[in-house]
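Undergrad: Take a look at this one; I'll ask things after.
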4 protein chains.
Amino acid sequence: MKASVGLVVKRESSLAQEVAQRVARTLESLNVGFAVEKSTDYPELSSYERFSLKGELPEKLIVIGGDGTLLRTLLSIQRESPVLLGIRAGKRGFLLEVDRYEVEERVKDFIEGRYKVVEYPRLAVYVNNEAFPCVMNDAVLLAKMGKMVRLIASVDGYVAMRIDGDGIIVSTTIGSTAHALSAGGPIVDPRLRVNVVVPLNPVQLHLRPIVIPGESYVEISLTANSNEAYLSLDGQVTSELRPGSTIAVGPCNFGVKMARFKRGENFYERLYTRVLTYW
Amino acid sequence: MKASVGLVVKRESSLAQEVAQRVARTLESLNVGFAVEKSTDYPELSSYERFSLKGELPEKLIVIGGDGTLLRTLLSIQRESPVLLGIRAGKRGFLLEVDRYEVEERVKDFIEGRYKVVEYPRLAVYVNNEAFPCVMNDAVLLAKMGKMVRLIASVDGYVAMRIDGDGIIVSTTIGSTAHALSAGGPIVDPRLRVNVVVPLNPVQLHLRPIVIPGESYVEISLTANSNEAYLSLDGQVTSELRPGSTIAVGPCNFGVKMARFKRGENFYERLYTRVLTYW
Amino acid sequence: MKASVGLVVKRESSLAQEVAQRVARTLESLNVGFAVEKSTDYPELSSYERFSLKGELPEKLIVIGGDGTLLRTLLSIQRESPVLLGIRAGKRGFLLEVDRYEVEERVKDFIEGRYKVVEYPRLAVYVNNEAFPCVMNDAVLLAKMGKMVRLIASVDGYVAMRIDGDGIIVSTTIGSTAHALSAGGPIVDPRLRVNVVVPLNPVQLHLRPIVIPGESYVEISLTANSNEAYLSLDGQVTSELRPGSTIAVGPCNFGVKMARFKRGENFYERLYTRVLTYW
Amino acid sequence: MKASVGLVVKRESSLAQEVAQRVARTLESLNVGFAVEKSTDYPELSSYERFSLKGELPEKLIVIGGDGTLLRTLLSIQRESPVLLGIRAGKRGFLLEVDRYEVEERVKDFIEGRYKVVEYPRLAVYVNNEAFPCVMNDAVLLAKMGKMVRLIASVDGYVAMRIDGDGIIVSTTIGSTAHALSAGGPIVDPRLRVNVVVPLNPVQLHLRPIVIPGESYVEISLTANSNEAYLSLDGQVTSELRPGSTIAVGPCNFGVKMARFKRGENFYERLYTRVLTYW
């Protein structure tokens, strides 16, 4: 029986491991074939079938962990994605909807089709014209070792910012509540499809975050006399950038399909609760 | 001959008066019938036909002055508006496209149909369920005499902010570069149709501006134990608000039609230039 | 027996009234003569001796209420102040140290001399060269009815800011955690004696709060083409300001003497707790 | 003749080299013995005597370049410093007072004693109890490769901030207009001796910059579950920091002595000019 469900589990987390075992038992009780992502190394999950994120994927994926687990998983799926169910195991899990207490119920709903699919757009990223993975949250250009970078950011061909500072963020709607929010960007209502461009600590004190159409192209050029930078995609460092490099960010052909159950949840309350529990 | 063009001229500005005379001469040379808004009191313009913003309007309006002149004019036109041509006479005129040096040329273009109509949405405002004028830029609730107000702001029925502070702004896309920008809101690309909700100096330091769909309804309630406030619509004070009052802001049936000539102008450059020339 | 202690009680607060009665009973049990501020209108306190804040003052004052009660009391004492004991009755009482649960104990300590006197500087305020009351927290110049003011702020003779916006705040160290903090100012360690100048929503986006010596003179001039403003001193509106008006803020000859009991309290924790309980 | 003046010259800058030659000629004409810092590699300066910043220093130093040149020079002088004259050669030179057009005049003033010495305090930095160089501007803890750090910052033993974010800055008064300003810190009047603690893009949105006494000790601890960080002192990376590391910042025994000529210069104007010329 081919596995119709794949499990991706956060590493080195006894919490995630325990949740994964509960998910596995639930799937077994439902007679559903499933496989575990091949790099998973919990002994308790070692007897199950394996699958690779780079290979053929099951129709449905269950991701157990935090936002980082989900974002890293998606960086590996650069094509039409299966429907994902996110189960929170840990403190940070804004993107993951299912709480630990409801694991069995939601996994059953997921298998039996009682969910809504919400599709989130991703952003395509190019470095010096070479394609990099599409991101769900953000592409962040950061000064290397704290030495100020100099860059010019254009939106659809028009210069929008000249920054001497720590860098710049281009974020999706869903990423607007992550790094971009901490850096001074606005909260974006999840119903909108826009991008947010946020300067990072610019010497140019008059600069402000800019909200642009989701279909826009942002081009960021490090000037020839800039210091070096690096590029972080959804929190994963992917590339060092030399002076003169150009990053382009625009629409990606493949979005992300997430299973959602709740209706009428207050997005703002959920956001502030998350932000304030950090105190 | 019925006047097909109306002139609205900023008061007490020798600059605006001079521009108005140039416009009048240009219209005369083109044999176009025109009228002057009736409250205009420059002697040099006293011999022309008059019209009222509250009565039947000419097909086309030429507004001469600053952003304030345009906004006040529009507050008086709460219906399908004529096409407006804005001519800048003074420092502040971000909404007005035509500069003094090109008055004759652009008036000719305007009369002879060589322009593009851009339509900007307005926001409908209700105070305790009573309809107030639609705004082009923003509705601002402000503490009266500096005594902190307490309010709850909801977006489409969900509580989005609880503010103890100086007030709140609900701005359109085009208003995002006015009061909302000074108060910490983001710059919004003019191609988007969104609204921005900006808290004014809240005690709740974790609050951030929120970008919402242009079709959203924002409801703002002063709590029973709040101090008094007032409501400013496009910079004009219109109403005092007692504790317990509720303001609702949503889509307006009638937008604003502006004549535009320039293509490929850099919105960001224009914006920063304006902001920085204030130094 | 001349009253050696005066009681000032917040109005229209059953909580403050109840605390005042507990304070009165404690003072009676200690055989201490006391008087109640003359505008107090709780029937339960009507039988006690009265005193006026404008007349001869008792050696010690007990203020019961919130920060507003304390600030208003001090606006009436424009001379060497008695030692003040602040008792919190209500939500907002950052300046008042004594909590309700410890009223009897602290009043006894206060009467029997077991406290430390902490002196806070005040700021003298002049409007068009006329002396106004010294403030403990802040002097705030605010646009009247939301119409943008234009002003120039100088520090010790040097132009420091040109503001087109909602106004400006000059705050003491202790006021830095009040209105100034909401408006974007920094938190100032209570051991410092500095002032903070905070622009209110300026069009000039590059402006930032400025921290200056406690002995500095700040001069604020409304330009001739500004709209009108008003001046709020410690939250009380005191004066309307016409274009061309000048406000000067500098050291005040008389500080405020507060009784303090706690040692080693974490100022930052107390601050964040207050700020976050507003959620 | 022992050199009484030392020259430190920015590298790879034809502008700095040219200014250095003018300084050398002026010193020769005044019959003053001087030496050039030993790493200087301009052929035109190769015939002069050499000295090492780590060895015995001349009584007076002339630093030619930008702020970076001055800060790097001072990082090498961890003891009672000679009097420094800063000559600007390039765009960024806020700390350097002398402009190119006045080189000969000011060098003569400097040699002949017509200047005022202004002493700026530095901050001592300890990493896991090991002493690092004192800084003139700032100590910056930064997330390595953009992965969020978690830290606790205390001021004189009291917890002041818990940060999950990009890091933290501790700045002197003079450093308040450098990185700290871009990161949201206030401008500090140069007459004050305070430090500013600025959180870098914290998830905890309620955090604000804190101004503390110049004699305070700030302790920053990376939590055990933090990602790695590095420490940048006056813009020079000096140390990688593992989870659990502790940085302490406090007063340094040796300040910096700078020669100053101008009186009555407007600090604020100079600052805004610098900031706005970046546009």
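By convention in this document, the chains of the structure tokens carry letters A, B, ... by their order, each chain's residues are numbered from 1, and ligands are numbered from 1 in the order they are shown.
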Skip Val155 in chain D itself and residues of its chain fewer than 3 positions away, then list as a list in words all residues within 7 Å of it, counting only C-alpha atoms.
TA: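 The residues satisfying every condition are Tyr158, Val159, Ala160, Ser216, Tyr217, Val218 and Glu219 of chain D.
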Undergrad: Kindly provide, as a list in words, the residues of chain B having any atom no farther than 6 Å from an atom of chain C, counting only C-alpha atoms.
TA: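 Listing them in order of chain and number gives Ser182, Ala183, Asn201, Pro202 and Val203 of chain B.
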Undergrad: Those selected residues, please, written with C-alpha atoms and delivered as a PDB file, in the first residue's frame.
TA:
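part12.pdb, freshly written:
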ATOM      1  CA  SER B 182       3.451  60.853  10.240  1.00  0.00           C
ATOM      2  CA  ALA B 183       1.759  58.712  12.865  1.00  0.00           C
ATOM      3  CA  ASN B 201       0.332  57.190  20.686  1.00  0.00           C
ATOM      4  CA  PRO B 202      -1.229  54.267  22.534  1.00  0.00           C
ATOM      5  CA  VAL B 203      -0.275  53.282  26.067  1.00  0.00           C
TER       6      VAL B 203
END
Undergrad: I want to know what sits within 12 Å of range 249-251 of chain A, based on only C-alpha atoms, with residues of the same chain fewer than 4 positions away left out; could you give that as an NGL selection string?
TA: :A and (120-136 or 138-141 or 153-156 or 169-172 or 193-197 or 212-221 or 231 or 233 or 255)
Undergrad: Taking only C-alpha atoms into account, name the residue in B:Leu45, B:Leu53, B:Ala89, B:Ala35 that is nearest to Ala16 in chain B.
TA: B:Ala89
Undergrad: So that I can check the secondary structure, give me every residue of range 92-227 of chain C assigned strand (DSSP E or B) by backbone DSSP, as a ChimeraX atom specification.
TA: /C:98,116-120,123-127,130-135,138-143,149-155,158-165,167-172,187-188,194-200,210-213,218-222
Undergrad: Write down as a PyMOL selection string the residues of range 63-204 of chain A whose backbone DSSP state falls under alpha helix (DSSP H).
TA: chain A and resi 67-75+103-111+179-182
Undergrad: Quick check, in Å to one decimal: how far apart do CA of Ser14 in chain D and CA of Asn227 in chain A lie?
TA: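 Distance between the two atoms: 19.3 Å.
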Undergrad: So that I can see what lies close to Ser47 in chain A, please list as a list in words the residues with an atom at most 10 Å from it, counting only C-alpha atoms and leaving out residues fewer than 4 positions away in the same chain.
TA: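 The filter keeps Ala35, Val36, Tyr42 and Pro43 of chain A.
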Undergrad: Give me the residues within 12 Å of Gly68 in chain A as a list of chain:residue names, counting only C-alpha atoms and dropping any in the same chain fewer than 4 places off.
TA: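 These residues fall inside the cut-off: A:Val8, A:Val9, A:Lys10, A:Arg11, A:Val63, A:Ile64, A:Arg72, A:Thr73, A:Leu74, A:Leu75, A:Gly86, A:Arg88, A:Ala89, A:Gly90, A:Lys91, A:Arg92, A:Gly93, A:Phe94, A:Leu95, A:Leu96, A:Met136, A:Asn137, A:Ala178, A:Leu233, A:Asp234, A:Gly235, A:Gln236, D:Lys147, D:Met148.
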Undergrad: I need the residues from that last selection saved to file as a PDB file, in the first residue's frame (with N, CA and C atoms), if you can.
TA:
ATOM      1  N   VAL A   8       6.266  14.849   8.825  1.00  0.00           N
ATOM      2  CA  VAL A   8       7.532  15.561   9.012  1.00  0.00           C
ATOM      3  C   VAL A   8       7.576  15.991  10.473  1.00  0.00           C
ATOM      4  N   VAL A   9       8.628  15.631  11.167  1.00  0.00           N
ATOM      5  CA  VAL A   9       8.673  15.854  12.617  1.00  0.00           C
ATOM      6  C   VAL A   9       9.905  16.685  12.987  1.00  0.00           C
ATOM      7  N   LYS A  10       9.685  17.682  13.803  1.00  0.00           N
ATOM      8  CA  LYS A  10      10.793  18.503  14.300  1.00  0.00           C
ATOM      9  C   LYS A  10      11.818  17.627  15.001  1.00  0.00           C
ATOM     10  N   ARG A  11      13.090  17.974  14.847  1.00  0.00           N
ATOM     11  CA  ARG A  11      14.143  17.182  15.477  1.00  0.00           C
ATOM     12  C   ARG A  11      14.395  17.608  16.921  1.00  0.00           C
ATOM     13  N   VAL A  63       2.814  18.135   9.350  1.00  0.00           N
ATOM     14  CA  VAL A  63       4.063  18.704   9.851  1.00  0.00           C
ATOM     15  C   VAL A  63       3.900  18.949  11.345  1.00  0.00           C
ATOM     16  N   ILE A  64       4.806  18.406  12.133  1.00  0.00           N
ATOM     17  CA  ILE A  64       4.713  18.496  13.594  1.00  0.00           C
ATOM     18  C   ILE A  64       5.926  19.253  14.113  1.00  0.00           C
ATOM     19  N   ARG A  72      11.023  25.201   6.841  1.00  0.00           N
ATOM     20  CA  ARG A  72      12.118  24.405   6.278  1.00  0.00           C
ATOM     21  C   ARG A  72      11.566  23.309   5.367  1.00  0.00           C
ATOM     22  N   THR A  73      10.454  22.702   5.766  1.00  0.00           N
ATOM     23  CA  THR A  73       9.831  21.669   4.937  1.00  0.00           C
ATOM     24  C   THR A  73       9.453  22.245   3.577  1.00  0.00           C
ATOM     25  N   LEU A  74       8.856  23.413   3.606  1.00  0.00           N
ATOM     26  CA  LEU A  74       8.387  24.017   2.351  1.00  0.00           C
ATOM     27  C   LEU A  74       9.542  24.439   1.460  1.00  0.00           C
ATOM     28  N   LEU A  75      10.669  24.850   2.058  1.00  0.00           N
ATOM     29  CA  LEU A  75      11.831  25.206   1.228  1.00  0.00           C
ATOM     30  C   LEU A  75      12.270  24.002   0.383  1.00  0.00           C
ATOM     31  N   GLY A  86      -0.659  21.380   9.861  1.00  0.00           N
ATOM     32  CA  GLY A  86       0.383  21.764  10.812  1.00  0.00           C
ATOM     33  C   GLY A  86      -0.049  21.515  12.244  1.00  0.00           C
ATOM     34  N   ARG A  88       1.170  22.028  16.142  1.00  0.00           N
ATOM     35  CA  ARG A  88       2.097  22.785  16.973  1.00  0.00           C
ATOM     36  C   ARG A  88       2.690  21.916  18.083  1.00  0.00           C
ATOM     37  N   ALA A  89       4.004  21.887  18.159  1.00  0.00           N
ATOM     38  CA  ALA A  89       4.638  21.204  19.291  1.00  0.00           C
ATOM     39  C   ALA A  89       5.726  22.145  19.770  1.00  0.00           C
ATOM     40  N   GLY A  90       5.363  23.023  20.674  1.00  0.00           N
ATOM     41  CA  GLY A  90       6.328  24.002  21.167  1.00  0.00           C
ATOM     42  C   GLY A  90       5.688  25.369  21.214  1.00  0.00           C
ATOM     43  N   LYS A  91       6.508  26.351  21.549  1.00  0.00           N
ATOM     44  CA  LYS A  91       5.996  27.680  21.837  1.00  0.00           C
ATOM     45  C   LYS A  91       5.587  28.431  20.562  1.00  0.00           C
ATOM     46  N   ARG A  92       6.481  28.426  19.597  1.00  0.00           N
ATOM     47  CA  ARG A  92       6.246  29.221  18.397  1.00  0.00           C
ATOM     48  C   ARG A  92       5.579  28.402  17.327  1.00  0.00           C
ATOM     49  N   GLY A  93       4.375  28.715  17.013  1.00  0.00           N
ATOM     50  CA  GLY A  93       3.727  27.961  15.970  1.00  0.00           C
ATOM     51  C   GLY A  93       2.563  28.748  15.428  1.00  0.00           C
ATOM     52  N   PHE A  94       2.863  29.947  14.985  1.00  0.00           N
ATOM     53  CA  PHE A  94       1.798  30.817  14.527  1.00  0.00           C
ATOM     54  C   PHE A  94       1.176  30.306  13.237  1.00  0.00           C
ATOM     55  N   LEU A  95       1.994  29.652  12.403  1.00  0.00           N
ATOM     56  CA  LEU A  95       1.516  29.173  11.111  1.00  0.00           C
ATOM     57  C   LEU A  95       0.776  27.843  11.240  1.00  0.00           C
ATOM     58  N   LEU A  96       0.965  27.159  12.366  1.00  0.00           N
ATOM     59  CA  LEU A  96       0.413  25.823  12.550  1.00  0.00           C
ATOM     60  C   LEU A  96      -0.877  25.936  13.347  1.00  0.00           C
ATOM     61  N   MET A 136       7.793  31.327   1.814  1.00  0.00           N
ATOM     62  CA  MET A 136       6.437  31.543   2.302  1.00  0.00           C
ATOM     63  C   MET A 136       6.368  32.814   3.160  1.00  0.00           C
ATOM     64  N   ASN A 137       7.396  33.070   3.953  1.00  0.00           N
ATOM     65  CA  ASN A 137       7.403  34.219   4.862  1.00  0.00           C
ATOM     66  C   ASN A 137       8.171  35.416   4.308  1.00  0.00           C
ATOM     67  N   ALA A 178       5.941  38.138  11.159  1.00  0.00           N
ATOM     68  CA  ALA A 178       7.168  37.483  11.639  1.00  0.00           C
ATOM     69  C   ALA A 178       8.293  38.533  11.734  1.00  0.00           C
ATOM     70  N   LEU A 233      16.499  33.038   3.548  1.00  0.00           N
ATOM     71  CA  LEU A 233      15.177  32.748   2.988  1.00  0.00           C
ATOM     72  C   LEU A 233      14.382  31.950   4.009  1.00  0.00           C
ATOM     73  N   ASP A 234      13.273  32.480   4.434  1.00  0.00           N
ATOM     74  CA  ASP A 234      12.450  31.834   5.470  1.00  0.00           C
ATOM     75  C   ASP A 234      13.305  31.372   6.649  1.00  0.00           C
ATOM     76  N   GLY A 235      14.274  32.183   7.023  1.00  0.00           N
ATOM     77  CA  GLY A 235      15.078  31.890   8.202  1.00  0.00           C
ATOM     78  C   GLY A 235      16.269  30.983   7.963  1.00  0.00           C
ATOM     79  N   GLN A 236      16.451  30.526   6.706  1.00  0.00           N
ATOM     80  CA  GLN A 236      17.586  29.672   6.368  1.00  0.00           C
ATOM     81  C   GLN A 236      18.568  30.465   5.512  1.00  0.00           C
TER      82      GLN A 236
ATOM     83  N   LYS D 147      19.705  34.269  12.453  1.00  0.00           N
ATOM     84  CA  LYS D 147      18.867  33.385  13.276  1.00  0.00           C
ATOM     85  C   LYS D 147      18.670  34.033  14.636  1.00  0.00           C
ATOM     86  N   MET D 148      17.426  34.253  14.974  1.00  0.00           N
ATOM     87  CA  MET D 148      17.024  34.966  16.185  1.00  0.00           C
ATOM     88  C   MET D 148      17.795  34.559  17.450  1.00  0.00           C
TER      89      MET D 148
END
Undergrad: Might you pull out every residue within 10 Å of Phe51 in chain D, with only C-alpha atoms counted and same-chain residues fewer than 3 positions away left off, and present them as a compact mmCIF listing (two decimals) with all heavy atoms, in the first residue's frame?
TA:
# COMPACT_ATOMS: atom_id res chain seq x y z
N ALA D 3 59.57 62.10 17.32
CA ALA D 3 58.33 62.59 16.72
C ALA D 3 57.34 62.99 17.81
O ALA D 3 57.06 62.23 18.71
CB ALA D 3 57.71 61.48 15.86
N GLY D 6 51.85 62.05 15.56
CA GLY D 6 51.69 60.84 14.76
C GLY D 6 50.56 61.01 13.77
O GLY D 6 49.56 61.67 14.07
N LEU D 7 50.73 60.42 12.58
CA LEU D 7 49.68 60.49 11.56
C LEU D 7 49.07 59.10 11.33
O LEU D 7 49.81 58.14 11.08
CB LEU D 7 50.28 60.96 10.22
CG LEU D 7 50.09 62.41 9.82
CD1 LEU D 7 50.66 63.34 10.87
CD2 LEU D 7 50.73 62.66 8.46
N VAL D 8 47.75 59.04 11.40
CA VAL D 8 47.05 57.81 11.05
C VAL D 8 46.19 58.12 9.84
O VAL D 8 45.40 59.07 9.87
CB VAL D 8 46.18 57.29 12.20
CG1 VAL D 8 45.49 56.00 11.81
CG2 VAL D 8 47.00 57.11 13.46
N PHE D 34 57.50 64.38 13.09
CA PHE D 34 56.30 63.54 13.08
C PHE D 34 56.60 62.16 12.50
O PHE D 34 57.63 61.97 11.84
CB PHE D 34 55.16 64.21 12.31
CG PHE D 34 55.43 64.37 10.85
CD1 PHE D 34 54.99 63.41 9.94
CD2 PHE D 34 56.12 65.48 10.37
CE1 PHE D 34 55.23 63.56 8.59
CE2 PHE D 34 56.36 65.63 9.01
CZ PHE D 34 55.93 64.67 8.12
N ALA D 35 55.67 61.24 12.77
CA ALA D 35 55.83 59.88 12.26
C ALA D 35 54.50 59.41 11.71
O ALA D 35 53.45 59.95 12.05
CB ALA D 35 56.29 58.95 13.39
N VAL D 36 54.58 58.41 10.84
CA VAL D 36 53.37 57.88 10.20
C VAL D 36 53.11 56.48 10.74
O VAL D 36 54.04 55.70 10.94
CB VAL D 36 53.58 57.86 8.66
CG1 VAL D 36 52.38 57.21 7.97
CG2 VAL D 36 53.81 59.27 8.14
N GLU D 37 51.83 56.18 11.00
CA GLU D 37 51.47 54.86 11.54
C GLU D 37 52.00 53.79 10.61
O GLU D 37 51.88 53.89 9.39
CB GLU D 37 49.94 54.79 11.69
CG GLU D 37 49.47 53.67 12.59
CD GLU D 37 49.30 52.38 11.81
OE1 GLU D 37 48.87 52.46 10.63
OE2 GLU D 37 49.59 51.30 12.37
N LYS D 38 52.55 52.72 11.19
CA LYS D 38 53.40 51.83 10.41
C LYS D 38 52.69 51.04 9.32
O LYS D 38 53.32 50.62 8.36
CB LYS D 38 54.16 50.88 11.33
CG LYS D 38 53.29 49.87 12.02
CD LYS D 38 54.14 48.86 12.79
CE LYS D 38 53.20 47.82 13.35
NZ LYS D 38 53.87 46.77 14.09
N SER D 39 51.38 50.83 9.43
CA SER D 39 50.73 50.04 8.38
C SER D 39 50.36 50.88 7.15
O SER D 39 49.87 50.35 6.16
CB SER D 39 49.46 49.37 8.94
OG SER D 39 48.46 50.36 9.15
N TYR D 48 58.77 58.71 5.50
CA TYR D 48 58.71 59.28 6.85
C TYR D 48 58.96 58.23 7.93
O TYR D 48 58.79 57.03 7.70
CB TYR D 48 57.35 59.95 7.09
CG TYR D 48 57.11 61.13 6.17
CD1 TYR D 48 56.15 61.07 5.17
CD2 TYR D 48 57.87 62.30 6.31
CE1 TYR D 48 55.94 62.14 4.31
CE2 TYR D 48 57.65 63.38 5.46
CZ TYR D 48 56.69 63.29 4.46
OH TYR D 48 56.49 64.34 3.61
N LYS D 54 50.46 50.27 18.92
CA LYS D 54 50.60 49.41 20.09
C LYS D 54 51.81 49.80 20.93
O LYS D 54 51.95 49.37 22.08
CB LYS D 54 50.77 47.95 19.66
CG LYS D 54 49.63 47.41 18.84
CD LYS D 54 48.39 47.20 19.71
CE LYS D 54 47.29 46.50 18.93
NZ LYS D 54 46.02 46.50 19.66
N GLY D 55 52.73 50.59 20.36
CA GLY D 55 53.95 50.96 21.08
C GLY D 55 53.84 52.33 21.74
O GLY D 55 52.75 52.79 22.06
N GLU D 56 55.00 52.96 21.95
CA GLU D 56 55.00 54.28 22.56
C GLU D 56 54.38 55.28 21.57
O GLU D 56 54.72 55.28 20.39
CB GLU D 56 56.43 54.71 22.88
CG GLU D 56 56.48 55.75 23.98
CD GLU D 56 57.90 56.28 24.17
OE1 GLU D 56 58.85 55.60 23.73
OE2 GLU D 56 58.03 57.39 24.72
N LEU D 57 53.51 56.12 22.06
CA LEU D 57 52.77 57.01 21.16
C LEU D 57 53.31 58.44 21.23
O LEU D 57 53.75 58.89 22.29
CB LEU D 57 51.29 57.03 21.53
CG LEU D 57 50.53 55.73 21.30
CD1 LEU D 57 49.10 55.86 21.82
CD2 LEU D 57 50.49 55.40 19.80
N PRO D 58 53.22 59.16 20.11
CA PRO D 58 53.52 60.59 20.14
C PRO D 58 52.50 61.30 21.06
O PRO D 58 51.47 60.74 21.40
CB PRO D 58 53.31 61.03 18.69
CG PRO D 58 53.32 59.78 17.89
CD PRO D 58 52.87 58.68 18.77
Undergrad: Which value, in Å to one decimal, gives the distance between CA of Lys262 in chain B and CA of Ser29 in chain B?
TA: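 These two atoms are separated by 24.4 Å.
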Undergrad: Could you pull the residues within 12 Å of Lys257 in chain D, counting only C-alpha atoms, minus those fewer than 2 positions along the same chain, as a PyMOL selection string?
TA: chain D and resi 59-62+70+74+77+79-86+115-122+136+254-255+259-260
Undergrad: Could you work out how far CA of Asp41 in chain B lies from CA of Ser13 in chain B, giving the answer in Å with one decimal?
TA: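 These two atoms are separated by 11.0 Å.
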